[in-house]
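S.K.: Contents of work-v4.json (JSON, C-alpha atoms) are given next:
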```json
[["chain", "number", "residue", "atom", "x", "y", "z"],
["A", 259, "MET", "CA", 5.46, 6.50, -22.14],
["A", 260, "SER", "CA", 7.69, 4.13, -24.06],
["A", 261, "LYS", "CA", 10.21, 6.91, -24.31],
["A", 262, "ILE", "CA", 10.45, 6.96, -20.54],
["A", 263, "PHE", "CA", 10.96, 3.25, -20.17],
["A", 264, "PHE", "CA", 13.10, 2.52, -23.22],
["A", 265, "ARG", "CA", 15.27, 5.58, -23.38],
["A", 266, "ARG", "CA", 18.91, 4.62, -23.71],
["A", 267, "ALA", "CA", 20.73, 4.80, -20.41],
["A", 268, "THR", "CA", 22.81, 7.90, -20.04],
["A", 269, "LYS", "CA", 25.58, 8.78, -17.69],
["A", 270, "GLU", "CA", 23.00, 10.50, -15.49],
["A", 271, "ASP", "CA", 20.98, 7.30, -15.24],
["A", 272, "THR", "CA", 23.97, 5.28, -14.16],
["A", 273, "HIS", "CA", 24.43, 7.58, -11.20],
["A", 274, "MET", "CA", 20.80, 7.58, -10.12],
["A", 275, "ALA", "CA", 21.08, 4.75, -7.66],
["A", 276, "ASP", "CA", 24.15, 6.22, -6.03],
["A", 277, "SER", "CA", 23.62, 7.88, -2.73],
["A", 278, "PRO", "CA", 24.30, 11.57, -2.96],
["A", 279, "SER", "CA", 26.61, 12.94, -0.36],
["A", 280, "HIS", "CA", 24.99, 14.51, 2.67],
["A", 281, "PRO", "CA", 24.05, 18.08, 1.81],
["A", 282, "ASN", "CA", 25.61, 19.22, 5.05],
["A", 283, "SER", "CA", 28.93, 17.76, 4.06],
["A", 284, "ALA", "CA", 31.75, 19.83, 2.64],
["A", 285, "ARG", "CA", 31.73, 17.92, -0.64],
["A", 286, "SER", "CA", 28.16, 18.76, -1.50],
["A", 287, "LYS", "CA", 28.70, 22.39, -0.70],
["A", 288, "GLY", "CA", 31.00, 22.87, -3.60],
["A", 289, "PHE", "CA", 34.43, 22.18, -2.30],
["A", 290, "ASP", "CA", 35.27, 19.31, -4.56],
["A", 291, "THR", "CA", 34.83, 20.31, -8.19],
["A", 292, "ARG", "CA", 32.98, 22.82, -10.26],
["A", 293, "VAL", "CA", 32.01, 20.05, -12.58],
["A", 294, "ARG", "CA", 29.63, 18.71, -9.96],
["A", 295, "TYR", "CA", 27.75, 22.00, -9.91],
["A", 296, "ALA", "CA", 27.70, 22.29, -13.66],
["A", 297, "HIS", "CA", 26.47, 18.72, -13.93],
["A", 298, "GLN", "CA", 23.66, 19.13, -11.40],
["A", 299, "SER", "CA", 22.53, 22.52, -12.63],
["A", 300, "THR", "CA", 21.88, 21.12, -16.09],
["A", 301, "THR", "CA", 20.13, 17.93, -15.00],
["A", 302, "THR", "CA", 16.57, 17.37, -16.05],
["A", 303, "THR", "CA", 13.95, 15.53, -14.05],
["A", 304, "PRO", "CA", 15.33, 12.01, -13.41],
["A", 305, "ARG", "CA", 13.60, 9.10, -15.05],
["A", 306, "TRP", "CA", 12.74, 7.45, -11.74],
["A", 307, "VAL", "CA", 10.80, 10.58, -10.74],
["A", 308, "LYS", "CA", 8.78, 10.59, -13.97],
["A", 309, "VAL", "CA", 7.97, 6.90, -13.65],
["A", 310, "SER", "CA", 7.04, 7.30, -9.97],
["A", 311, "VAL", "CA", 4.75, 10.24, -10.67],
["A", 312, "VAL", "CA", 2.94, 8.28, -13.39],
["A", 313, "ILE", "CA", 2.48, 5.31, -11.03],
["A", 314, "ILE", "CA", 1.24, 7.52, -8.18],
["A", 315, "LEU", "CA", -1.24, 9.32, -10.46],
["A", 316, "LEU", "CA", -2.56, 6.00, -11.76],
["A", 317, "LEU", "CA", -2.99, 4.67, -8.22],
["A", 318, "VAL", "CA", -4.75, 7.83, -7.06],
["A", 319, "LEU", "CA", -7.02, 7.68, -10.11],
["A", 320, "LEU", "CA", -7.79, 4.01, -9.43],
["A", 321, "PHE", "CA", -8.53, 4.77, -5.78],
["A", 322, "VAL", "CA", -10.88, 7.63, -6.65],
["A", 323, "ILE", "CA", -12.68, 5.61, -9.34],
["A", 324, "LEU", "CA", -13.12, 2.61, -7.03],
["A", 325, "HIS", "CA", -14.62, 4.77, -4.30],
["A", 326, "LEU", "CA", -16.82, 6.84, -6.61],
["A", 327, "THR", "CA", -18.27, 3.70, -8.16],
["A", 328, "GLY", "CA", -18.93, 2.19, -4.74],
["A", 329, "ASN", "CA", -16.46, -0.64, -5.08],
["A", 330, "GLY", "CA", -14.41, 0.54, -2.16],
["A", 331, "PHE", "CA", -15.39, 0.01, 1.45],
["A", 332, "GLY", "CA", -18.39, 1.89, 0.23],
["A", 333, "ASP", "CA", -22.08, 1.90, 0.73],
["A", 334, "HIS", "CA", -22.56, -1.62, 2.01],
["A", 335, "MET", "CA", -20.75, -0.57, 5.14],
["A", 336, "HIS", "CA", -23.39, 2.03, 5.86],
["A", 337, "MET", "CA", -26.15, -0.53, 6.20],
["A", 338, "SER", "CA", -27.25, -1.78, 9.55],
["A", 339, "ILE", "CA", -26.05, -5.04, 10.98],
["A", 340, "ILE", "CA", -29.48, -6.56, 10.50],
["A", 341, "GLU", "CA", -29.39, -5.72, 6.80],
["A", 342, "HIS", "CA", -26.10, -7.55, 6.65],
["A", 343, "GLY", "CA", -27.74, -10.63, 7.98],
["A", 344, "GLY", "CA", -25.86, -10.37, 11.20],
["A", 345, "GLN", "CA", -27.21, -11.85, 14.38],
["A", 346, "PRO", "CA", -27.54, -9.29, 17.17],
["A", 347, "LEU", "CA", -26.10, -10.38, 20.45],
["B", 153, "MET", "CA", 16.76, 27.07, 9.75],
["B", 154, "ILE", "CA", 19.30, 24.37, 10.61],
["B", 155, "MET", "CA", 18.66, 22.31, 13.73],
["B", 156, "THR", "CA", 21.27, 21.61, 16.34],
["B", 157, "PRO", "CA", 22.86, 18.14, 16.01],
["B", 158, "GLY", "CA", 21.18, 16.97, 19.21],
["B", 159, "PHE", "CA", 17.67, 17.99, 18.16],
["B", 160, "ARG", "CA", 18.28, 16.67, 14.68],
["B", 161, "LYS", "CA", 19.11, 13.24, 16.07],
["B", 162, "VAL", "CA", 16.06, 13.29, 18.34],
["B", 163, "MET", "CA", 13.85, 14.05, 15.34],
["B", 164, "LEU", "CA", 15.59, 11.42, 13.24],
["B", 165, "THR", "CA", 15.18, 8.82, 15.97],
["B", 166, "ALA", "CA", 11.49, 9.68, 16.32],
["B", 167, "HIS", "CA", 11.04, 9.55, 12.55],
["B", 168, "VAL", "CA", 12.74, 6.18, 12.11],
["B", 169, "THR", "CA", 10.96, 4.70, 15.13],
["B", 170, "SER", "CA", 7.51, 5.89, 14.09],
["B", 171, "SER", "CA", 8.05, 4.79, 10.49],
["B", 172, "ILE", "CA", 9.17, 1.32, 11.50],
["B", 173, "GLY", "CA", 6.32, 1.17, 14.02],
["B", 174, "TRP", "CA", 3.87, 2.15, 11.29],
["B", 175, "PHE", "CA", 5.14, -0.70, 9.12],
["B", 176, "GLY", "CA", 4.91, -3.18, 12.01],
["B", 177, "ALA", "CA", 1.44, -2.06, 13.04],
["B", 178, "VAL", "CA", 0.12, -2.40, 9.49],
["B", 179, "SER", "CA", 1.68, -5.87, 9.32],
["B", 180, "ALA", "CA", -0.17, -6.85, 12.50],
["B", 181, "PHE", "CA", -3.36, -5.31, 11.07],
["B", 182, "LEU", "CA", -2.94, -7.41, 7.93],
["B", 183, "ALA", "CA", -2.50, -10.58, 9.98],
["B", 184, "LEU", "CA", -5.71, -9.82, 11.90],
["B", 185, "ALA", "CA", -7.56, -9.03, 8.67],
["B", 186, "ILE", "CA", -6.51, -12.38, 7.20],
["B", 187, "VAL", "CA", -7.65, -14.15, 10.35],
["B", 188, "GLY", "CA", -10.94, -12.24, 10.26],
["B", 189, "MET", "CA", -11.57, -13.26, 6.67],
["B", 190, "THR", "CA", -10.49, -16.88, 6.81],
["B", 191, "SER", "CA", -11.14, -18.16, 10.32],
["B", 192, "GLN", "CA", -14.22, -20.23, 11.10],
["B", 193, "ASP", "CA", -14.03, -19.39, 14.77],
["B", 194, "ARG", "CA", -16.70, -16.72, 15.38],
["B", 195, "ASP", "CA", -15.17, -15.44, 18.58],
["B", 196, "LEU", "CA", -11.76, -15.19, 16.99],
["B", 197, "VAL", "CA", -13.18, -13.29, 14.02],
["B", 198, "ARG", "CA", -15.02, -10.84, 16.25],
["B", 199, "ALA", "CA", -11.95, -10.38, 18.42],
["B", 200, "ALA", "CA", -9.79, -9.76, 15.36],
["B", 201, "TYR", "CA", -12.06, -6.97, 14.06],
["B", 202, "LEU", "CA", -12.36, -5.39, 17.49],
["B", 203, "VAL", "CA", -8.58, -5.32, 17.85],
["B", 204, "MET", "CA", -8.21, -3.96, 14.32],
["B", 205, "GLY", "CA", -10.39, -0.99, 15.24],
["B", 206, "LEU", "CA", -8.35, -0.29, 18.35],
["B", 207, "THR", "CA", -5.04, -0.79, 16.55],
["B", 208, "THR", "CA", -6.06, 1.65, 13.85],
["B", 209, "TRP", "CA", -6.92, 4.49, 16.20],
["B", 210, "PHE", "CA", -4.37, 3.98, 18.95],
["B", 211, "VAL", "CA", -1.35, 2.75, 16.99],
["B", 212, "ILE", "CA", -1.48, 3.15, 13.21],
["B", 213, "VAL", "CA", -2.98, 6.65, 12.93],
["B", 214, "PRO", "CA", -0.74, 8.18, 15.64],
["B", 215, "LEU", "CA", 2.37, 6.57, 14.18],
["B", 216, "ALA", "CA", 1.48, 7.79, 10.70],
["B", 217, "LEU", "CA", 0.99, 11.35, 11.93],
["B", 218, "VAL", "CA", 4.20, 11.29, 13.99],
["B", 219, "SER", "CA", 6.11, 9.89, 11.03],
["B", 220, "LEU", "CA", 4.78, 12.64, 8.77],
["B", 221, "LEU", "CA", 5.43, 15.39, 11.30],
["B", 222, "THR", "CA", 8.95, 14.30, 12.25],
["B", 223, "GLY", "CA", 9.80, 13.78, 8.61],
["B", 224, "VAL", "CA", 8.77, 17.33, 7.75],
["B", 225, "VAL", "CA", 10.64, 18.78, 10.74],
["B", 226, "SER", "CA", 13.75, 16.73, 9.99],
["B", 227, "SER", "CA", 13.86, 17.80, 6.37],
["B", 228, "LEU", "CA", 13.14, 21.45, 7.01],
["B", 229, "GLY", "CA", 15.67, 21.56, 9.84],
["B", 230, "THR", "CA", 18.54, 20.23, 7.75],
["B", 231, "ARG", "CA", 20.10, 21.19, 4.46],
["B", 232, "TRP", "CA", 18.20, 18.37, 2.76],
["B", 233, "GLY", "CA", 15.15, 20.61, 2.75],
["B", 234, "LEU", "CA", 11.64, 19.51, 1.93],
["B", 235, "PHE", "CA", 11.55, 20.60, -1.71],
["B", 236, "ARG", "CA", 15.20, 20.45, -2.74],
["B", 237, "TYR", "CA", 15.64, 16.77, -3.56],
["B", 238, "TYR", "CA", 13.19, 14.64, -5.51],
["B", 239, "TRP", "CA", 13.49, 11.71, -3.11],
["B", 240, "VAL", "CA", 12.55, 13.86, -0.12],
["B", 241, "LEU", "CA", 9.68, 15.48, -2.00],
["B", 242, "MET", "CA", 8.50, 12.08, -3.21],
["B", 243, "LYS", "CA", 8.54, 10.71, 0.33],
["B", 244, "PHE", "CA", 6.56, 13.73, 1.52],
["B", 245, "VAL", "CA", 3.89, 13.36, -1.16],
["B", 246, "ILE", "CA", 3.58, 9.59, -0.73],
["B", 247, "THR", "CA", 3.35, 9.89, 3.06],
["B", 248, "ILE", "CA", 0.61, 12.52, 2.82],
["B", 249, "LEU", "CA", -1.35, 10.38, 0.36],
["B", 250, "ALA", "CA", -0.90, 7.26, 2.50],
["B", 251, "THR", "CA", -2.05, 9.13, 5.61],
["B", 252, "LEU", "CA", -5.09, 10.51, 3.80],
["B", 253, "VAL", "CA", -6.04, 7.06, 2.51],
["B", 254, "LEU", "CA", -5.59, 5.71, 6.03],
["B", 255, "LEU", "CA", -7.87, 8.39, 7.49],
["B", 256, "VAL", "CA", -10.47, 7.72, 4.79],
["B", 257, "HIS", "CA", -10.44, 4.05, 5.72],
["B", 258, "THR", "CA", -10.82, 4.57, 9.47],
["B", 259, "GLN", "CA", -14.56, 5.02, 9.05],
["B", 260, "PRO", "CA", -15.29, 1.64, 7.45],
["B", 261, "ILE", "CA", -12.85, -0.02, 9.85],
["B", 262, "ASP", "CA", -14.86, 1.49, 12.71],
["B", 263, "ARG", "CA", -18.09, 0.19, 11.18],
["B", 264, "LEU", "CA", -16.69, -3.28, 10.76],
["B", 265, "SER", "CA", -15.36, -3.40, 14.31],
["B", 266, "GLY", "CA", -18.68, -1.93, 15.49],
["B", 267, "ALA", "CA", -20.56, -4.69, 13.70],
["B", 268, "ALA", "CA", -18.24, -7.24, 15.29],
["B", 269, "ALA", "CA", -19.05, -5.80, 18.70],
["B", 270, "LYS", "CA", -22.81, -6.07, 18.17],
["B", 271, "THR", "CA", -23.28, -9.27, 16.21],
["B", 272, "ALA", "CA", -22.35, -12.88, 16.72],
["B", 273, "VAL", "CA", -21.95, -13.55, 13.00],
["B", 274, "LEU", "CA", -20.97, -11.02, 10.34],
["B", 275, "GLY", "CA", -23.24, -10.92, 7.33],
["B", 276, "ALA", "CA", -22.18, -12.25, 3.97],
["B", 277, "ASP", "CA", -22.46, -8.74, 2.52],
["B", 278, "LEU", "CA", -19.47, -7.78, 4.58],
["B", 279, "HIS", "CA", -17.23, -10.18, 2.68],
["B", 280, "GLY", "CA", -16.24, -7.40, 0.26],
["B", 281, "ALA", "CA", -15.23, -5.18, 3.13],
["B", 282, "GLN", "CA", -13.32, -8.04, 4.72],
["B", 283, "LEU", "CA", -11.44, -8.56, 1.48],
["B", 284, "GLU", "CA", -10.57, -4.90, 1.28],
["B", 285, "MET", "CA", -9.29, -5.06, 4.84],
["B", 286, "VAL", "CA", -6.70, -7.49, 3.48],
["B", 287, "ILE", "CA", -5.95, -5.65, 0.24],
["B", 288, "ALA", "CA", -5.59, -2.15, 1.72],
["B", 289, "PRO", "CA", -2.90, -2.98, 4.31],
["B", 290, "SER", "CA", -1.10, -5.14, 1.75],
["B", 291, "LEU", "CA", -0.82, -2.13, -0.54],
["B", 292, "ALA", "CA", 0.10, 0.02, 2.44],
["B", 293, "LEU", "CA", 3.03, -2.28, 3.20],
["B", 294, "VAL", "CA", 4.26, -1.92, -0.38],
["B", 295, "VAL", "CA", 4.00, 1.87, -0.09],
["B", 296, "LEU", "CA", 5.85, 1.88, 3.24],
["B", 297, "LEU", "CA", 8.53, -0.35, 1.74],
["B", 298, "VAL", "CA", 8.93, 2.14, -1.12],
["B", 299, "LEU", "CA", 9.34, 4.94, 1.43],
["B", 300, "THR", "CA", 12.03, 2.95, 3.20],
["B", 301, "VAL", "CA", 13.86, 2.26, -0.06],
["B", 302, "LEU", "CA", 13.79, 5.98, -0.90],
["B", 303, "SER", "CA", 15.25, 6.80, 2.51],
["B", 304, "VAL", "CA", 18.03, 4.26, 2.22],
["B", 305, "TYR", "CA", 19.05, 4.73, -1.42],
["B", 306, "LYS", "CA", 18.34, 8.46, -1.70],
["B", 307, "PRO", "CA", 18.15, 8.37, -5.51],
["B", 308, "ARG", "CA", 19.89, 11.26, -7.19],
["B", 309, "GLY", "CA", 18.03, 14.26, -8.49],
["B", 310, "MET", "CA", 17.60, 17.84, -7.43],
["B", 311, "THR", "CA", 14.49, 19.92, -8.04],
["B", 312, "PRO", "CA", 14.72, 23.28, -9.85],
["B", 313, "TYR", "CA", 14.13, 24.94, -6.48],
["B", 314, "GLY", "CA", 16.98, 22.92, -4.96],
["B", 315, "GLN", "CA", 19.26, 23.87, -7.85],
["B", 316, "ARG", "CA", 18.51, 27.56, -7.31],
["B", 317, "LYS", "CA", 19.27, 27.21, -3.61],
["B", 318, "GLN", "CA", 22.48, 25.37, -4.39],
["B", 319, "ASP", "CA", 23.52, 28.06, -6.83],
["B", 320, "GLU", "CA", 22.88, 30.69, -4.16],
["B", 321, "GLN", "CA", 25.04, 28.74, -1.72],
["B", 322, "ARG", "CA", 27.77, 28.42, -4.29],
["B", 323, "LYS", "CA", 27.77, 32.18, -4.79],
["B", 324, "ASP", "CA", 28.07, 32.64, -1.04],
["B", 325, "VAL", "CA", 30.98, 30.22, -0.96],
["B", 326, "THR", "CA", 32.81, 31.84, -3.84],
["B", 327, "ALA", "CA", 32.22, 35.25, -2.27],
["B", 328, "GLY", "CA", 34.40, 34.21, 0.63],
["B", 329, "ASP", "CA", 31.82, 33.30, 3.18],
["B", 330, "GLY", "CA", 32.54, 29.63, 2.83],
["B", 331, "ALA", "CA", 35.19, 29.08, 5.47],
["B", 332, "ASN", "CA", 32.73, 28.90, 8.33],
["B", 333, "ASP", "CA", 30.28, 26.82, 6.34],
["B", 334, "LYS", "CA", 33.07, 24.49, 5.33],
["B", 335, "ALA", "CA", 34.07, 24.00, 8.96],
["B", 336, "GLN", "CA", 30.44, 23.38, 9.91],
["B", 337, "GLY", "CA", 30.04, 20.97, 7.03],
["B", 338, "ILE", "CA", 33.11, 18.98, 8.03],
["B", 339, "ALA", "CA", 31.99, 18.94, 11.68],
["B", 340, "GLN", "CA", 28.55, 17.77, 10.56],
["B", 341, "GLU", "CA", 30.04, 15.03, 8.43],
["B", 342, "LEU", "CA", 32.20, 13.86, 11.33],
["B", 343, "GLU", "CA", 29.16, 13.95, 13.59],
["B", 344, "ASP", "CA", 27.27, 11.82, 11.09],
["B", 345, "ASN", "CA", 30.10, 9.31, 11.18],
["B", 346, "GLY", "CA", 30.01, 9.14, 14.95],
["B", 347, "VAL", "CA", 33.11, 11.26, 15.53],
["B", 348, "HIS", "CA", 32.48, 13.98, 18.06],
["B", 349, "ALA", "CA", 34.25, 17.29, 18.14],
["B", 350, "ALA", "CA", 35.33, 16.59, 21.72],
["B", 351, "ALA", "CA", 37.65, 13.90, 20.39],
["B", 352, "PHE", "CA", 39.88, 16.60, 18.96],
["B", 353, "LYS", "CA", 40.07, 18.71, 22.08]]
```
How does the structure come out when it is put into structure tokens?
M.R.:
Amino acid sequence: MSKIFFRRATKEDTHMADSPSHPNSARSKGFDTRVRYAHQSTTTTPRWVKVSVVIILLLVLLFVILHLTGNGFGDHMHMSIIEHGGQPL
Amino acid sequence: MIMTPGFRKVMLTAHVTSSIGWFGAVSAFLALAIVGMTSQDRDLVRAAYLVMGLTTWFVIVPLALVSLLTGVVSSLGTRWGLFRYYWVLMKFVITILATLVLLVHTQPIDRLSGAAAKTAVLGADLHGAQLEMVIAPSLALVVLLVLTVLSVYKPRGMTPYGQRKQDEQRKDVTAGDGANDKAQGIAQELEDNGVHAAAFK
């Protein structure tokens, strides 16, 4: 985990926030340089993807746990309005 | 399958509109939930929960489904693809999860609005549910903001599948089939920048 967050920034990282060219454009289809292809074909999973996946998994896990333990909207919603102390109209 | 520019723009317009609408509807839902939890006015509280139930079924759920559907069509109909770029894939996964969570929460929202329709005063036991009505849309807004950021910044990164597809395209280009693609690519880029082919005729 710490490796993900504290890994030294690489050249790949510095380009992460840049908008890639539109895939329909001539540039992205390989008309600029071969370096671009070589660079992209050797890229590993970006750091932002790894971090995002971890966050999403944690949130899904939290959501499931909350609902399984009845701390979500849960069982109290299944009770009748009288059980809730409500006053029928 | 690549869509025609006209259909692509229709899909993109529908996707942007539904996504923004989804964000706005959840914002309104959150405002009603806060009113429902904090107001001392019984009628106002009941009205808020009744409107929340209607808003969920007639605005939020349809917009979420339209956003998901148009997003999938837009990605599959362009060279972005659905599984080629991490940011597109991430948006797809997050949107599916957000829609599922929304659908799961429609049931308790219905119960709360149903209780509001039948009772003059909501029971104290419903306070937990009222609190979650505030927390859930707050988190939803954060998620929708993340989706918007992904769409705008399009962070770099291509999936292994996308790399294979790109390599295949490169082979096609180097094999001499690239002239037509190049022309289409340039035309597409001009179209994206608001320059129409008719301007050159």
S.K.: Taking into account all atoms listed in the file, which residue in the set B:Val178, B:Leu254, B:Leu164, B:Ala199 is nearest to Lys270 in chain B?
M.R.: B:Ala199
S.K.: Rounded to one decimal, what separation in Å do you get between CA of Ala250 in chain B and CA of Leu326 in chain A?
M.R.: 18.3 Å
S.K.: Work out how far apart CA of Ser179 in chain B and CA of Leu228 in chain B are and give it in Å to one decimal.
M.R.: 29.7 Å
S.K.: Could you please determine the separation between CA of Thr311 in chain B and CA of Arg236 in chain B in Å, to one decimal place?
M.R.: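 It comes out at 5.4 Å.
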S.K.: Skip range 187-192 of chain B itself and residues of its chain fewer than 5 positions away, then list as a list of chain:residue names all residues within 8 Å of it, counting only C-alpha atoms.
M.R.: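 Once the nearby chain positions are removed, what remains is B:Val197, B:Arg198, B:Ala200, B:Tyr201, B:His279, B:Gln282, B:Leu283.
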S.K.: Would you mind exporting the chosen residues as a PDB file, in the coordinates of the input, restricted to C-alpha atoms?
M.R.:
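The resulting file, result_13.pdb, is reproduced below:
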```
ATOM      1  CA  VAL B 197     -13.180 -13.290  14.020  1.00  0.00           C
ATOM      2  CA  ARG B 198     -15.020 -10.840  16.250  1.00  0.00           C
ATOM      3  CA  ALA B 200      -9.790  -9.760  15.360  1.00  0.00           C
ATOM      4  CA  TYR B 201     -12.060  -6.970  14.060  1.00  0.00           C
ATOM      5  CA  HIS B 279     -17.230 -10.180   2.680  1.00  0.00           C
ATOM      6  CA  GLN B 282     -13.320  -8.040   4.720  1.00  0.00           C
ATOM      7  CA  LEU B 283     -11.440  -8.560   1.480  1.00  0.00           C
TER       8      LEU B 283
END
```
S.K.: Calculated over all atoms listed in the file, which of the candidates A:Leu319, A:Ile314, A:Val309, A:Leu324 has the smallest distance to chain B?
M.R.: A:Ile314
S.K.: Pick out the closest residue to chain B from this set: A:His325, A:Lys308, A:Leu320, A:Thr303. Count only C-alpha atoms.
M.R.: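 That would be A:Thr303, the residue with the smallest distance to chain B.
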S.K.: Counting only C-alpha atoms, which residues sit no farther than 12 Å from the position (8.8, 2.7, 16.6) in the file's frame? I'd like them as a PyMOL selection string.
M.R.: chain B and resi 164-177+211-212+214-216+218-219
S.K.: Just add N, CA and C atoms to range 187-208 of chain B and send it as an mmCIF file, in the coordinates of the input.
M.R.:
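What landed in out_7.cif:
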```
data_model
loop_
_atom_site.group_PDB
_atom_site.id
_atom_site.type_symbol
_atom_site.label_atom_id
_atom_site.label_comp_id
_atom_site.auth_asym_id
_atom_site.auth_seq_id
_atom_site.Cartn_x
_atom_site.Cartn_y
_atom_site.Cartn_z
ATOM 1 N N VAL B 187 -6.955 -13.275 9.396
ATOM 2 C CA VAL B 187 -7.650 -14.150 10.350
ATOM 3 C C VAL B 187 -9.151 -13.889 10.302
ATOM 4 N N GLY B 188 -9.521 -12.603 10.294
ATOM 5 C CA GLY B 188 -10.940 -12.240 10.260
ATOM 6 C C GLY B 188 -11.655 -12.757 9.034
ATOM 7 N N MET B 189 -10.936 -12.840 7.917
ATOM 8 C CA MET B 189 -11.570 -13.260 6.670
ATOM 9 C C MET B 189 -11.600 -14.777 6.518
ATOM 10 N N THR B 190 -10.620 -15.445 7.087
ATOM 11 C CA THR B 190 -10.490 -16.880 6.810
ATOM 12 C C THR B 190 -10.905 -17.794 7.957
ATOM 13 N N SER B 191 -10.868 -17.280 9.181
ATOM 14 C CA SER B 191 -11.140 -18.160 10.320
ATOM 15 C C SER B 191 -12.620 -18.556 10.407
ATOM 16 N N GLN B 192 -12.857 -19.746 10.885
ATOM 17 C CA GLN B 192 -14.220 -20.230 11.100
ATOM 18 C C GLN B 192 -14.682 -20.022 12.544
ATOM 19 N N ASP B 193 -13.744 -19.612 13.366
ATOM 20 C CA ASP B 193 -14.030 -19.390 14.770
ATOM 21 C C ASP B 193 -14.676 -18.012 14.946
ATOM 22 N N ARG B 194 -15.956 -17.985 15.300
ATOM 23 C CA ARG B 194 -16.700 -16.720 15.380
ATOM 24 C C ARG B 194 -16.088 -15.762 16.392
ATOM 25 N N ASP B 195 -15.740 -16.299 17.536
ATOM 26 C CA ASP B 195 -15.170 -15.440 18.580
ATOM 27 C C ASP B 195 -13.837 -14.840 18.134
ATOM 28 N N LEU B 196 -13.062 -15.667 17.467
ATOM 29 C CA LEU B 196 -11.760 -15.190 16.990
ATOM 30 C C LEU B 196 -11.935 -14.095 15.944
ATOM 31 N N VAL B 197 -12.911 -14.292 15.056
ATOM 32 C CA VAL B 197 -13.180 -13.290 14.020
ATOM 33 C C VAL B 197 -13.617 -11.974 14.644
ATOM 34 N N ARG B 198 -14.535 -12.055 15.584
ATOM 35 C CA ARG B 198 -15.020 -10.840 16.250
ATOM 36 C C ARG B 198 -13.887 -10.147 17.001
ATOM 37 N N ALA B 199 -13.077 -10.951 17.681
ATOM 38 C CA ALA B 199 -11.950 -10.380 18.420
ATOM 39 C C ALA B 199 -10.966 -9.692 17.471
ATOM 40 N N ALA B 200 -10.737 -10.325 16.335
ATOM 41 C CA ALA B 200 -9.790 -9.760 15.360
ATOM 42 C C ALA B 200 -10.264 -8.386 14.896
ATOM 43 N N TYR B 201 -11.560 -8.260 14.558
ATOM 44 C CA TYR B 201 -12.060 -6.970 14.060
ATOM 45 C C TYR B 201 -12.116 -5.914 15.163
ATOM 46 N N LEU B 202 -12.381 -6.356 16.377
ATOM 47 C CA LEU B 202 -12.360 -5.390 17.490
ATOM 48 C C LEU B 202 -10.946 -4.851 17.697
ATOM 49 N N VAL B 203 -9.973 -5.743 17.665
ATOM 50 C CA VAL B 203 -8.580 -5.320 17.850
ATOM 51 C C VAL B 203 -8.115 -4.458 16.678
ATOM 52 N N MET B 204 -8.593 -4.765 15.481
ATOM 53 C CA MET B 204 -8.210 -3.960 14.320
ATOM 54 C C MET B 204 -8.676 -2.516 14.476
ATOM 55 N N GLY B 205 -9.890 -2.353 15.013
ATOM 56 C CA GLY B 205 -10.390 -0.990 15.240
ATOM 57 C C GLY B 205 -9.533 -0.241 16.249
ATOM 58 N N LEU B 206 -9.185 -0.923 17.330
ATOM 59 C CA LEU B 206 -8.350 -0.290 18.350
ATOM 60 C C LEU B 206 -6.946 0.009 17.814
ATOM 61 N N THR B 207 -6.388 -0.958 17.103
ATOM 62 C CA THR B 207 -5.040 -0.790 16.550
ATOM 63 C C THR B 207 -4.980 0.402 15.603
ATOM 64 N N THR B 208 -6.038 0.541 14.807
ATOM 65 C CA THR B 208 -6.060 1.650 13.850
ATOM 66 C C THR B 208 -5.987 2.986 14.560
#
```
